[in-house]
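Below: the structure, in C-alpha cells.
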2 protein chains.
Amino acid sequence: MTAKAEQKERSHETILESAARLLREKGIAGARVADVMKGAGLTVGGFYAHFDSKDALIDEALRRTSGEMRQRLFARLEDKPEGDRAEVVLKRYLSAAHRDDFARGCPLPAVVGEVGTTAREHGDVLGAQVNAMSSELEAYLPTNGGVSPRYLALGLVALMYGGLSLARALRGSPLSDDVLKACRALGSAAARDGAKPVT
Amino acid sequence: MTAKAEQKERSHETILESAARLLREKGIAGARVADVMKGAGLTVGGFYAHFDSKDALIDEALRRTSGEMRQRLFARLEDKPEGDRAEVVLKRYLSAAHRDDFARGCPLPAVVGEVGTTAREHGDVLGAQVNAMSSELEAYLPTNGGVSPRYLALGLVALMYGGLSLARALRGSPLSDDVLKACRALGSAAARDGAKPVT
DNA sequence: CTTCTCATCGTACCGTCGTAATATGACACG
DNA sequence: CGTGTCATATTACGACGGTACGATGAGAAG
C-alpha cells in the first residue's frame with residue numbers, strides 16, 4: 001500500500017516543480033494545467049487527484065517559488081562583511097543573471113501584475129511572500145538612517161521587484177541593463193545611509 | 001461623404017478610450033475585444049474595420065495611456081519650487097489616489113508583467129514609454145549627486161512602478177499603504193541628494 | 001491466481017476568445 | 001426617389017482553457 005502512496009507523493013512534487021517553473025516563466029494564466037502536467041511527464045487527466053483546482057496549485061507554487069528565492073537570495077551572507085550584506089542581496093537580485101534565469105528566479109515579476117488586475121484571489125498569498133522577503137531583508141539594514149528599517153526594507157523590495165520586472169520586460173534592449181544598473185546604484189546608496197533626508 | 005468619415009473617426013476614438021480604460025483595469029489579456037467594443041457602445045463585429053488586430057489596438061492604447069499619464073504626472077510643476085518638483089512627481093505617482101484610480105492611472109502595472117512573460121510583442125512600445133517617462137523626470141533631478149540624472153531617473157521610475165504595482169496587488173491589506181509610504185520616503189531622499197554614495 | 005484499489009490516461013463538455021464572413025440599415029448622390 | 005456605399009450588427013468558426021468522468025493497467029491482498 002505504501003508504494004502507491006509514495007508514487008503519488010512523488011507525482012505531487014513533480015507537478016509542483018513543473019508548475020513552479022511555468023509560473024515564473026509564463027505567469028498565472030500562462031501556466032496552463034495541461035502544460036504543467038506535460039512538464040511533469042503526466043497528462044491532464046490526473047491533475048485533480050493532486051490539487052483541488054488550478055488556483056490551489058498556483059497558491060502552493062507561489063509559496064514554494066518565493067521561499068526558494070529567498071533562500072538563494074540570502075544564502076552565504078556570513079562570509080560578507082556585516083555592512084555589505086544588504087548590498088550583496090541587492091546585487092544578486094538585480095543581476096543580469098537573475099533577470100535571465102526565469103525558471104529559478106523570483107516569481108514576483110510574473111505574478112504581481114496579474115494579482116493586481118485579473119487574479120485578485122492570490123492577493124493574500126502574495127502579501128505574505130512580500131512580507132517575508134521584506135522582513136528578512138530588514139535584518140541587514142542600518143538602524144540609524146532617516147527611515148525605519150522596516151520601511152527601508154519595503155522600499156527596497158519595491159525597487160528590486162520594479163527593476164527586475166522592467167528589466168525582464170525590456171530584455172533585448174540596452175535599456176534593460178541600464179535599468180538594473182540604475183536600481184543597484186539607487187538601492188545601494190539607500191541601503192548604506194538609510195535614506196537620510198537632506199536638509 | 002464627410003459625415004460617415006467623422007462618425008468612423010469618433011468610433012475609433014471611442015474604441016480607443018474604452019481599450020485604454022480596460023487595459024489599465026484588466027491588463028492585456030483582460031482587455032478583451034468584445035468587452036472593449038461593449039465599453040464603446042458597439043459590438044464585436046465592427047472592430048476590424050478600425051484596427052488590424054487586437055495587438056495593434058493594445059499598442060495604440062499603451063501609447064495613449066502612457067502619454068496621458070505623463071501629462072497628468074508632470075502638469076502644473078511651475079507652481080512648485082524648483083528643487084521640490086521631482087518630489088511632487090514622486091508623491092503624485094505613489095499616492096493612494098493613484099493606486100485606486102485604475103481607469104485613469106499609469107498603465108505600467110497592468111502590462112509590464114505580461115510583456116515580460118506572455119506578450120513580448122509589445123516590448124518595443126513599452127520600452128519607448130519607459131524611456132519617455134524617465135527622460136521627462138530626468139529634467140527635474142539634481143546633477144550633483146553620486147549618480148547621473150539619467151540613471152537616477154531610471155531608478156526612480158523602477159521604484160515608482162514597483163511601488164505602485166505592489167500597492168495595487170496588495171490593496172485591501174495595510175501592507176499596501178506601507179509600500180507606498182516606504183517608496184515615497186526612499187524616492188524623496190534619492191531625488192534630493194542624487195543617491196550620494198556614503199563614505 | 002484472482003480480486004480490489006487507485007494513480008494515471010484518454011477523452012469529452014462547456015465556456016470563452018480572436019477573427020472573419022455575411023447581413024442590415026442609414027446616409028450621400030444622381 | 002431610387003441606388004450604391006459604408007459603418008456597424010449578427011452570427012459562426014476554430015482553437016483553447018479548466019474541469020470531470022469512465023477506462024486502463026499495475027501493484028497489493030487474500
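Residues in the C-alpha cells are numbered from 1 in each chain, the chains being A, B, ... in the order shown, and ligands are numbered from 1 in the order shown.
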Should the cut-off be 10 Å, what would the residue list for chain B against chain D look like, counting only C-alpha atoms (C1' of nucleotides), as a ChimeraX atom specification? /B:1,4-5,7-8,11,42-47,49
Those selected residues, please, written with all heavy atoms and delivered as a PDB file, in the first residue's frame.
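The result, stored in result_31.pdb:
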ATOM      1  N   MET B   1     -20.492  62.836 -47.680  1.00  0.00           N
ATOM      2  CA  MET B   1     -19.433  61.818 -47.548  1.00  0.00           C
ATOM      3  C   MET B   1     -18.643  62.004 -46.256  1.00  0.00           C
ATOM      4  O   MET B   1     -18.044  61.108 -45.704  1.00  0.00           O
ATOM      5  CB  MET B   1     -18.496  61.913 -48.767  1.00  0.00           C
ATOM      6  CG  MET B   1     -17.434  60.823 -48.797  1.00  0.00           C
ATOM      7  SD  MET B   1     -18.139  59.159 -48.678  1.00  0.00           S
ATOM      8  CE  MET B   1     -17.948  58.602 -50.366  1.00  0.00           C
ATOM      9  N   LYS B   4     -19.949  60.223 -42.716  1.00  0.00           N
ATOM     10  CA  LYS B   4     -19.510  58.860 -42.443  1.00  0.00           C
ATOM     11  C   LYS B   4     -18.095  58.838 -41.864  1.00  0.00           C
ATOM     12  O   LYS B   4     -17.803  58.132 -40.900  1.00  0.00           O
ATOM     13  CB  LYS B   4     -19.538  58.041 -43.738  1.00  0.00           C
ATOM     14  CG  LYS B   4     -20.933  57.655 -44.208  1.00  0.00           C
ATOM     15  CD  LYS B   4     -21.366  56.332 -43.625  1.00  0.00           C
ATOM     16  CE  LYS B   4     -22.801  55.994 -43.970  1.00  0.00           C
ATOM     17  NZ  LYS B   4     -22.979  55.676 -45.386  1.00  0.00           N
ATOM     18  N   ALA B   5     -17.230  59.595 -42.495  1.00  0.00           N
ATOM     19  CA  ALA B   5     -15.840  59.624 -42.055  1.00  0.00           C
ATOM     20  C   ALA B   5     -15.734  60.153 -40.628  1.00  0.00           C
ATOM     21  O   ALA B   5     -14.965  59.632 -39.815  1.00  0.00           O
ATOM     22  CB  ALA B   5     -15.008  60.478 -43.010  1.00  0.00           C
ATOM     23  N   GLN B   7     -18.033  60.038 -38.338  1.00  0.00           N
ATOM     24  CA  GLN B   7     -18.562  59.038 -37.418  1.00  0.00           C
ATOM     25  C   GLN B   7     -17.531  57.941 -37.169  1.00  0.00           C
ATOM     26  O   GLN B   7     -17.351  57.495 -36.043  1.00  0.00           O
ATOM     27  CB  GLN B   7     -19.837  58.427 -37.999  1.00  0.00           C
ATOM     28  CG  GLN B   7     -20.342  57.271 -37.144  1.00  0.00           C
ATOM     29  CD  GLN B   7     -21.702  56.790 -37.590  1.00  0.00           C
ATOM     30  OE1 GLN B   7     -22.261  57.287 -38.569  1.00  0.00           O
ATOM     31  NE2 GLN B   7     -22.253  55.826 -36.872  1.00  0.00           N
ATOM     32  N   LYS B   8     -16.858  57.537 -38.229  1.00  0.00           N
ATOM     33  CA  LYS B   8     -15.868  56.486 -38.076  1.00  0.00           C
ATOM     34  C   LYS B   8     -14.738  56.956 -37.176  1.00  0.00           C
ATOM     35  O   LYS B   8     -14.259  56.215 -36.312  1.00  0.00           O
ATOM     36  CB  LYS B   8     -15.312  56.062 -39.438  1.00  0.00           C
ATOM     37  CG  LYS B   8     -14.413  54.849 -39.343  1.00  0.00           C
ATOM     38  CD  LYS B   8     -14.111  54.208 -40.670  1.00  0.00           C
ATOM     39  CE  LYS B   8     -13.361  52.900 -40.486  1.00  0.00           C
ATOM     40  NZ  LYS B   8     -12.969  52.312 -41.778  1.00  0.00           N
ATOM     41  N   SER B  11     -15.895  56.870 -33.658  1.00  0.00           N
ATOM     42  CA  SER B  11     -15.917  55.495 -33.154  1.00  0.00           C
ATOM     43  C   SER B  11     -14.511  55.006 -32.822  1.00  0.00           C
ATOM     44  O   SER B  11     -14.280  54.397 -31.777  1.00  0.00           O
ATOM     45  CB  SER B  11     -16.550  54.573 -34.199  1.00  0.00           C
ATOM     46  OG  SER B  11     -17.947  54.760 -34.224  1.00  0.00           O
ATOM     47  N   LEU B  42     -20.475  49.616 -28.766  1.00  0.00           N
ATOM     48  CA  LEU B  42     -20.566  48.947 -30.073  1.00  0.00           C
ATOM     49  C   LEU B  42     -20.493  47.443 -29.860  1.00  0.00           C
ATOM     50  O   LEU B  42     -20.444  46.975 -28.727  1.00  0.00           O
ATOM     51  CB  LEU B  42     -19.403  49.412 -30.962  1.00  0.00           C
ATOM     52  CG  LEU B  42     -19.353  50.918 -31.270  1.00  0.00           C
ATOM     53  CD1 LEU B  42     -18.053  51.298 -31.930  1.00  0.00           C
ATOM     54  CD2 LEU B  42     -20.535  51.315 -32.135  1.00  0.00           C
ATOM     55  N   THR B  43     -20.467  46.700 -30.934  1.00  0.00           N
ATOM     56  CA  THR B  43     -20.360  45.242 -30.826  1.00  0.00           C
ATOM     57  C   THR B  43     -19.132  44.743 -31.594  1.00  0.00           C
ATOM     58  O   THR B  43     -18.577  45.452 -32.421  1.00  0.00           O
ATOM     59  CB  THR B  43     -21.621  44.551 -31.368  1.00  0.00           C
ATOM     60  OG1 THR B  43     -21.755  44.873 -32.747  1.00  0.00           O
ATOM     61  CG2 THR B  43     -22.854  44.991 -30.603  1.00  0.00           C
ATOM     62  N   VAL B  44     -18.745  43.525 -31.283  1.00  0.00           N
ATOM     63  CA  VAL B  44     -17.510  42.959 -31.818  1.00  0.00           C
ATOM     64  C   VAL B  44     -17.351  43.132 -33.316  1.00  0.00           C
ATOM     65  O   VAL B  44     -16.246  43.377 -33.803  1.00  0.00           O
ATOM     66  CB  VAL B  44     -17.413  41.439 -31.578  1.00  0.00           C
ATOM     67  CG1 VAL B  44     -16.161  41.089 -30.859  1.00  0.00           C
ATOM     68  CG2 VAL B  44     -18.634  40.915 -30.888  1.00  0.00           C
ATOM     69  N   GLY B  45     -18.425  42.929 -34.031  1.00  0.00           N
ATOM     70  CA  GLY B  45     -18.377  42.845 -35.478  1.00  0.00           C
ATOM     71  C   GLY B  45     -17.604  43.946 -36.161  1.00  0.00           C
ATOM     72  O   GLY B  45     -16.869  43.714 -37.112  1.00  0.00           O
ATOM     73  N   GLY B  46     -17.774  45.160 -35.655  1.00  0.00           N
ATOM     74  CA  GLY B  46     -17.158  46.286 -36.342  1.00  0.00           C
ATOM     75  C   GLY B  46     -15.693  46.519 -36.020  1.00  0.00           C
ATOM     76  O   GLY B  46     -15.049  47.381 -36.619  1.00  0.00           O
ATOM     77  N   PHE B  47     -15.177  45.738 -35.108  1.00  0.00           N
ATOM     78  CA  PHE B  47     -13.826  46.038 -34.609  1.00  0.00           C
ATOM     79  C   PHE B  47     -12.762  46.104 -35.694  1.00  0.00           C
ATOM     80  O   PHE B  47     -11.961  47.036 -35.752  1.00  0.00           O
ATOM     81  CB  PHE B  47     -13.417  45.003 -33.560  1.00  0.00           C
ATOM     82  CG  PHE B  47     -12.006  45.202 -33.055  1.00  0.00           C
ATOM     83  CD1 PHE B  47     -11.705  46.236 -32.179  1.00  0.00           C
ATOM     84  CD2 PHE B  47     -10.978  44.372 -33.482  1.00  0.00           C
ATOM     85  CE1 PHE B  47     -10.414  46.428 -31.725  1.00  0.00           C
ATOM     86  CE2 PHE B  47      -9.680  44.562 -33.037  1.00  0.00           C
ATOM     87  CZ  PHE B  47      -9.392  45.586 -32.156  1.00  0.00           C
ATOM     88  N   ALA B  49     -12.797  46.836 -38.649  1.00  0.00           N
ATOM     89  CA  ALA B  49     -12.823  47.974 -39.569  1.00  0.00           C
ATOM     90  C   ALA B  49     -11.981  49.113 -39.002  1.00  0.00           C
ATOM     91  O   ALA B  49     -11.625  50.046 -39.719  1.00  0.00           O
ATOM     92  CB  ALA B  49     -14.260  48.431 -39.790  1.00  0.00           C
TER      93      ALA B  49
END
Excluding region 14-21 of chain C and any residue of its chain fewer than 4 positions from it, enumerate the residues within 8 Å of it, using only C-alpha atoms (C1' of nucleotides), and give them as a list in words. Arg32, Val33 and Lys54 of chain B
Using only C-alpha atoms and a distance of at most 8 Å, pull out the residues of chain A that contact chain B, as an mmCIF file with C-alpha atoms, in the first residue's frame.
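File part.cif, as written:
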data_model
loop_
_atom_site.group_PDB
_atom_site.id
_atom_site.type_symbol
_atom_site.label_atom_id
_atom_site.label_comp_id
_atom_site.auth_asym_id
_atom_site.auth_seq_id
_atom_site.Cartn_x
_atom_site.Cartn_y
_atom_site.Cartn_z
ATOM 1 C CA GLU A 25 8.238 31.756 -16.988
ATOM 2 C CA LYS A 26 4.684 32.475 -18.125
ATOM 3 C CA GLY A 27 2.714 33.887 -15.240
ATOM 4 C CA GLY A 30 0.304 31.202 -18.845
ATOM 5 C CA PRO A 109 7.562 39.788 -11.827
ATOM 6 C CA ALA A 110 5.390 37.082 -13.315
ATOM 7 C CA VAL A 111 2.516 37.330 -10.851
ATOM 8 C CA VAL A 112 2.176 40.789 -9.288
ATOM 9 C CA GLY A 113 0.563 42.386 -12.326
ATOM 10 C CA GLU A 114 -1.981 39.628 -12.675
ATOM 11 C CA VAL A 115 -2.803 39.701 -8.975
ATOM 12 C CA GLY A 116 -3.446 43.420 -9.267
ATOM 13 C CA THR A 117 -5.755 43.022 -12.225
ATOM 14 C CA THR A 118 -7.273 39.634 -13.008
ATOM 15 C CA ARG A 120 -7.053 39.049 -7.061
ATOM 16 C CA GLY A 123 -3.511 38.533 -3.082
ATOM 17 C CA ASP A 124 -3.246 37.066 0.397
ATOM 18 C CA LEU A 126 1.310 37.257 -2.413
ATOM 19 C CA GLY A 127 1.136 39.627 0.528
ATOM 20 C CA VAL A 147 13.729 55.859 7.690
ATOM 21 C CA TYR A 151 10.100 50.999 5.676
ATOM 22 C CA LEU A 152 13.542 50.981 4.164
ATOM 23 C CA LEU A 154 9.749 47.657 1.967
ATOM 24 C CA GLY A 155 11.035 50.395 -0.292
ATOM 25 C CA LEU A 156 13.997 48.301 -1.345
ATOM 26 C CA ALA A 158 9.627 47.545 -4.313
ATOM 27 C CA LEU A 159 12.745 48.870 -6.020
ATOM 28 C CA MET A 160 14.141 45.378 -6.569
ATOM 29 C CA TYR A 161 10.875 43.982 -7.827
ATOM 30 C CA GLY A 162 10.258 47.005 -10.048
ATOM 31 C CA GLY A 163 13.740 46.950 -11.512
ATOM 32 C CA SER A 165 10.250 43.358 -13.766
ATOM 33 C CA LEU A 166 11.125 46.216 -16.076
ATOM 34 C CA ARG A 168 12.685 41.395 -17.875
ATOM 35 C CA ALA A 169 10.022 43.127 -19.919
ATOM 36 C CA LEU A 170 12.685 45.130 -21.766
ATOM 37 C CA SER A 173 17.006 46.313 -25.393
ATOM 38 C CA LEU A 175 17.566 49.876 -21.650
ATOM 39 C CA ASP A 178 20.530 50.353 -17.695
ATOM 40 C CA VAL A 179 17.508 49.771 -15.503
ATOM 41 C CA LYS A 181 22.390 49.286 -13.091
ATOM 42 C CA ALA A 182 20.312 52.294 -12.066
ATOM 43 C CA CYS A 183 18.418 50.296 -9.446
ATOM 44 C CA ALA A 185 23.038 52.354 -7.624
ATOM 45 C CA LEU A 186 19.891 53.789 -6.091
ATOM 46 C CA SER A 188 22.973 50.641 -2.606
ATOM 47 C CA ALA A 189 23.001 54.267 -1.574
ATOM 48 C CA ALA A 190 19.766 53.846 0.339
ATOM 49 C CA ARG A 192 24.007 52.241 3.265
ATOM 50 C CA ASP A 193 22.809 55.579 4.583
ATOM 51 C CA ALA A 195 17.706 57.169 3.043
ATOM 52 C CA LYS A 196 18.691 60.135 5.128
ATOM 53 C CA PRO A 197 16.536 63.156 4.365
ATOM 54 C CA VAL A 198 18.639 66.053 3.123
#
Work out how far CA of Leu77 (chain B) is from CA of Lys91 (chain B), in Å to one decimal.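 Distance between the two atoms: 12.5 Å.
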Residues of chain C near chain A: apply a cut-off of 10 Å, count only C-alpha atoms (C1' of nucleotides), and supply the list as a PyMOL selection string. chain C and resi 5-11
Which residues in region 101-130 of chain B does DSSP call alpha helix (DSSP H)? List them as a ChimeraX atom specification. /B:108-117,123-130
Those same residues, written as a PDB file, in the first residue's frame with C-alpha atoms?
ATOM      1  CA  LEU B 108       2.590  50.033 -16.475  1.00  0.00           C
ATOM      2  CA  PRO B 109       1.398  47.913 -13.538  1.00  0.00           C
ATOM      3  CA  ALA B 110      -1.149  46.250 -15.776  1.00  0.00           C
ATOM      4  CA  VAL B 111       1.150  45.475 -18.697  1.00  0.00           C
ATOM      5  CA  VAL B 112       4.789  45.076 -17.648  1.00  0.00           C
ATOM      6  CA  GLY B 113       4.375  41.593 -16.233  1.00  0.00           C
ATOM      7  CA  GLU B 114       2.578  40.325 -19.305  1.00  0.00           C
ATOM      8  CA  VAL B 115       5.132  41.883 -21.630  1.00  0.00           C
ATOM      9  CA  GLY B 116       7.848  40.083 -19.709  1.00  0.00           C
ATOM     10  CA  THR B 117       6.112  36.723 -19.923  1.00  0.00           C
ATOM     11  CA  GLY B 123       8.145  45.193 -25.694  1.00  0.00           C
ATOM     12  CA  ASP B 124       9.222  47.879 -28.122  1.00  0.00           C
ATOM     13  CA  VAL B 125       6.276  50.114 -27.416  1.00  0.00           C
ATOM     14  CA  LEU B 126       6.700  49.569 -23.710  1.00  0.00           C
ATOM     15  CA  GLY B 127      10.382  50.444 -23.891  1.00  0.00           C
ATOM     16  CA  ALA B 128       9.596  53.704 -25.624  1.00  0.00           C
ATOM     17  CA  GLN B 129       7.128  54.625 -22.896  1.00  0.00           C
ATOM     18  CA  VAL B 130       9.538  53.841 -20.079  1.00  0.00           C
TER      19      VAL B 130
END
For region 12-16 of chain A, please output as a list in words all residues within 10 Å (counting only C-alpha atoms (C1' of nucleotides); exclusion window: fewer than 3 positions along the same chain).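 Non-adjacent residues within range: Glu6, Gln7, Lys8, Glu9, Ala19, Ala20, Arg21, Leu22, Val33, Val36, Met37, Lys38, Gly39, Ala40, Gly41, Leu42, Phe47, Ala49, His50, Phe51, Leu57, Ile58, Glu60, Ala61, Leu62, Arg64 and Thr65 of chain A.
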Limited to C-alpha atoms, could you put the picked residues into a file as a PDB file, in the first residue's frame?
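Result saved to result-v3.pdb:
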ATOM      1  CA  GLU A   6       4.970   7.111  -2.401  1.00  0.00           C
ATOM      2  CA  GLN A   7       4.371   7.356  -6.094  1.00  0.00           C
ATOM      3  CA  LYS A   8       1.538   9.784  -5.561  1.00  0.00           C
ATOM      4  CA  GLU A   9       3.697  11.940  -3.347  1.00  0.00           C
ATOM      5  CA  ALA A  19       4.137  24.478 -12.013  1.00  0.00           C
ATOM      6  CA  ALA A  20       6.819  26.474 -10.221  1.00  0.00           C
ATOM      7  CA  ARG A  21       8.856  26.698 -13.379  1.00  0.00           C
ATOM      8  CA  LEU A  22       5.942  27.582 -15.643  1.00  0.00           C
ATOM      9  CA  VAL A  33      -2.858  22.905 -16.363  1.00  0.00           C
ATOM     10  CA  VAL A  36       2.086  21.840 -16.116  1.00  0.00           C
ATOM     11  CA  MET A  37       1.210  18.156 -16.340  1.00  0.00           C
ATOM     12  CA  LYS A  38       3.191  17.715 -19.526  1.00  0.00           C
ATOM     13  CA  GLY A  39       6.174  19.315 -17.793  1.00  0.00           C
ATOM     14  CA  ALA A  40       5.786  16.731 -15.049  1.00  0.00           C
ATOM     15  CA  GLY A  41       5.695  13.882 -17.574  1.00  0.00           C
ATOM     16  CA  LEU A  42       1.994  13.288 -16.931  1.00  0.00           C
ATOM     17  CA  PHE A  47      -4.384  16.605 -12.172  1.00  0.00           C
ATOM     18  CA  ALA A  49      -6.305  13.816  -7.935  1.00  0.00           C
ATOM     19  CA  HIS A  50      -3.461  16.028  -6.708  1.00  0.00           C
ATOM     20  CA  PHE A  51      -4.930  19.521  -6.458  1.00  0.00           C
ATOM     21  CA  LEU A  57      -1.858  24.836  -7.413  1.00  0.00           C
ATOM     22  CA  ILE A  58      -0.898  28.447  -8.097  1.00  0.00           C
ATOM     23  CA  GLU A  60       1.170  26.442  -3.496  1.00  0.00           C
ATOM     24  CA  ALA A  61       3.600  27.145  -6.334  1.00  0.00           C
ATOM     25  CA  LEU A  62       3.763  30.789  -5.362  1.00  0.00           C
ATOM     26  CA  ARG A  64       7.209  27.403  -2.974  1.00  0.00           C
ATOM     27  CA  THR A  65       8.969  29.619  -5.516  1.00  0.00           C
TER      28      THR A  65
END
By how many Å are CA of Asp52 (chain A) and C1' of DA12 (chain C) apart? 20.0 Å
